[in-house]
Each structure stands twice: as C-alpha cells, then as structure tokens.
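Chemist: Here it is: the structure, laid out below.
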Amino acid sequence: MTTSLAWPAAMAGSDHTALEVSARRMRREGLVPGVVYGGGDEPLTFAVDALTLRATLAHAGAVLDLKVDGGSATPVIVKDVQNHPVRGEAIHLDLLRVDMNQPIHAVVVLDLQGGEDAPGVSEGGVLSQETREINIEALPDDIPDSIVHDVSGLEMNETLTLAAVTPPQGVTLLDDLEETVIATITPPTLEPVDDEIETETELVGEDGEPLEGEALETAQAEAEAQADGATGDEAESSSDDDS
C-alpha cells in the first residue's frame, strides 16, 4: 500500500524548538508529525493526515511504500507510534527504511484459534494465552500480519510452548522455542467452602423443656460464669444477688 505524505517545510531544519512548535501546530490542524530514518540516508521529517494514518495502519501490511512530496516510493516499516496518554490517538510516527532484499527483525501477533473446541476447555478448564507477540526474522515482504496456531487439541493441564508453532515459509522464530510458553489450560479455581455450620441451641431443664424466665437467666449466668472460669456456685450467688 502506498501512502502519500505531505512534508511541511516548517519541519525541515535542525532547530528542535522550532520543530516542536511546528509539531504542536500540526496536531491542532489534524496532522501527525513523523520521521523516517535508516537505509543510509538522512532522517526526513514529515506530517500525515491523522485519519489517513489511522486507515493506513489498520489495513496495511508490514511494509509501507512511503512517498513524500511526490518523490519516489521508499519501502518502510513502522518502528514506533506514540499515542496520546488519554485520548489514545497517534501523536508521532517513526518509520524505518528497509532493504527488501535483507531480512529484518520484527514483532508479530500470535493468534491462537480453536480454543473453544479444546478438550480441556470442554471439561471446564481455563485457557490462558501467555504470549501474545513473538519476535521473528524475515524479508520485509515475508513479514506476516500475524502467526496463527490451532489450539483445538489442547488437553486439561497441558502447557504449549513456542516449539509447537510452525512459522510461515521464510519466517524464523527468534524466541526460545522450549522456554517460551504460549498457552496453558488449567482447572478452574474453586471458591473456598466454609465448613462451619451455624447451629442454634436452647437451654433446657432436667425435664427436657426449654427454660424460661428466672430459670433461664440463672442458667445463662452459670454458662457465662463457667466460660470465665467461675464456679456454678458463684454464678448462682450472682443470680440471687440480682434478684
């Protein structure tokens, strides 16, 4: 995909203060400032319409053909996008010139599919994706938008490493194949069960009938006194004094 970017003359120069003032003004006008560097050429500053940039990044592949002021197309990759901390919109763009005949390092999304059909999930297990991006090496044209891996066969308590992933042709995985865990299925965490059962008891007399009135008060006083280490006589005396 070719993106035409207008390079404002105000951005050309070495005066960093002037460049920053110009960048703020361009953002107010709906433009996103950026810089393209690498490839043995001097860095070049530019600005692109914010809506154009958003659409391009959403639908473009790994490599963009950059044209500035109607010049010749230069293959570039997105090196960094700075976003506003609150609004989330792009506020600065870094592009890197690339040689289409030389492999480069890139980060791509790992897309796990078929999780809902995995036996471990069907048994109530929880599928967790531990790694969402992986490092690769490939020619610029061979860099995929994402690498897809099928996890529909994952069993309960199984751990999947990067070694199980087959990269597309021309792509080399750079992360440790055996140590990089990409997904697990674990049994669900059960809520703790309170084994204590609350019971209500009644104080009863020798005949088995519930105590009432003064007899109940005496029995309660004796129970409280015994809990405090007092004797039954002390409890009865305390009850007589109260009456």
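Residue numbering restarts at 1 for every chain of the structure tokens, chains are lettered A, B, ... in their displayed order, and ligands are numbered from 1 as they appear.
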Identify, on the basis of only C-alpha atoms, every residue whose closest approach to A:Leu174 does not exceed 9 Å; exclude the query and any residue fewer than 5 positions from it along the same chain; express the result as a list in words.

Modeler: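 Result of the neighbour search: His105, Ile134, Asn135, Ile136 and Glu137 of chain A.
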
Chemist: Store the residues of this selection in a file with N, CA and C atoms, as an mmCIF file, in the first residue's frame.

Modeler:
```cif
data_model
loop_
_atom_site.group_PDB
_atom_site.id
_atom_site.type_symbol
_atom_site.label_atom_id
_atom_site.label_comp_id
_atom_site.auth_asym_id
_atom_site.auth_seq_id
_atom_site.Cartn_x
_atom_site.Cartn_y
_atom_site.Cartn_z
ATOM 1 N N HIS A 105 14.392 -7.874 11.697
ATOM 2 C CA HIS A 105 13.672 -8.356 12.876
ATOM 3 C C HIS A 105 12.362 -7.599 13.008
ATOM 4 N N ILE A 134 5.392 -12.337 19.282
ATOM 5 C CA ILE A 134 6.641 -13.080 19.174
ATOM 6 C C ILE A 134 7.594 -12.348 18.230
ATOM 7 N N ASN A 135 8.885 -12.569 18.449
ATOM 8 C CA ASN A 135 9.927 -11.945 17.641
ATOM 9 C C ASN A 135 10.308 -12.865 16.486
ATOM 10 N N ILE A 136 10.404 -12.280 15.293
ATOM 11 C CA ILE A 136 10.730 -13.065 14.113
ATOM 12 C C ILE A 136 11.810 -12.375 13.290
ATOM 13 N N GLU A 137 12.342 -13.109 12.340
ATOM 14 C CA GLU A 137 13.248 -12.550 11.335
ATOM 15 C C GLU A 137 12.750 -12.998 9.971
#
```

Chemist: Using only C-alpha atoms, find each residue of stretch 82-135 of chain A with at least one atom at most 12 Å away from an atom of stretch 161-172 of chain A; report its shortest atom-to-atom pair and that distance in Å (one decimal), sort the rows by chain and rising residue number, and return the result as a Markdown table.

Modeler:
```
| residue | atom | partner | partner_atom | distance |
| --- | --- | --- | --- | --- |
| A:Gln102 | CA | A:Gly170 | CA | 12.0 |
| A:Pro103 | CA | A:Val171 | CA | 9.4 |
| A:Ile104 | CA | A:Val171 | CA | 10.2 |
| A:His105 | CA | A:Thr172 | CA | 9.4 |
| A:Ala106 | CA | A:Val171 | CA | 10.2 |
| A:Val107 | CA | A:Thr172 | CA | 11.5 |
| A:Val108 | CA | A:Val171 | CA | 10.9 |
| A:Leu110 | CA | A:Val165 | CA | 9.5 |
| A:Asp111 | CA | A:Val165 | CA | 10.7 |
| A:Leu112 | CA | A:Val165 | CA | 10.1 |
| A:Gln129 | CA | A:Thr161 | CA | 10.7 |
| A:Glu130 | CA | A:Thr161 | CA | 9.6 |
| A:Thr131 | CA | A:Leu162 | CA | 9.1 |
| A:Arg132 | CA | A:Leu162 | CA | 11.2 |
| A:Glu133 | CA | A:Leu162 | CA | 11.1 |
| A:Ile134 | CA | A:Leu162 | CA | 9.1 |
| A:Asn135 | CA | A:Thr172 | CA | 8.7 |
```

Chemist: With C-alpha atoms retained, write the just-selected residues as a compact mmCIF listing (two decimals), in the first residue's frame.

Modeler:
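again.txt, written as the output of this step:
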```
# COMPACT_ATOMS: atom_id res chain seq x y z
CA GLN A 102 17.74 -8.05 3.53
CA PRO A 103 15.99 -9.87 6.40
CA ILE A 104 14.93 -7.74 9.36
CA HIS A 105 13.67 -8.36 12.88
CA ALA A 106 10.02 -7.70 13.62
CA VAL A 107 7.37 -8.36 16.25
CA VAL A 108 4.15 -10.04 15.13
CA LEU A 110 0.39 -14.67 17.81
CA ASP A 111 -3.23 -15.58 17.04
CA LEU A 112 -4.49 -18.71 18.85
CA GLN A 129 -2.68 -17.21 26.35
CA GLU A 130 0.66 -16.45 27.97
CA THR A 131 2.42 -14.95 24.92
CA ARG A 132 0.63 -12.60 22.53
CA GLU A 133 3.56 -11.28 20.47
CA ILE A 134 6.64 -13.08 19.17
CA ASN A 135 9.93 -11.95 17.64
```

Chemist: Considering only C-alpha atoms, return as a list in words whatever protein or nucleic-acid residues lie within 8 Å of A:Gly115, sequence-local ones (same chain, fewer than 2 positions apart) excluded.

Modeler: Leu112, Gln113, Asp117, Ala118, Val121, Leu127, Asp150, Val151, Ser152 and Leu154 of chain A

Chemist: Calculated over only C-alpha atoms, which of the candidates A:Ile77, A:Leu64, A:Leu177, A:Leu96 has the smallest distance to A:Thr45?

Modeler: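 Smallest separation from A:Thr45 among the options: A:Leu96.
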
Chemist: Find the distance between atom CA of A:Gly124 and atom CA of A:Ile185 and write it in Å to one decimal.

Modeler: 9.5 Å

Chemist: Name the residues in contact with A:Glu123 at a cut-off of 10 Å, using only C-alpha atoms, excluding same-chain residues fewer than 6 positions from it; report them as a list in words.

Modeler: Glu155, Met156, Pro187 and Pro188 of chain A

Chemist: How far is it from atom CA of A:Thr184 to atom CA of A:Thr159, in Å with one decimal?

Modeler: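 Atom CA of A:Thr184 sits 4.5 Å away from atom CA of A:Thr159.
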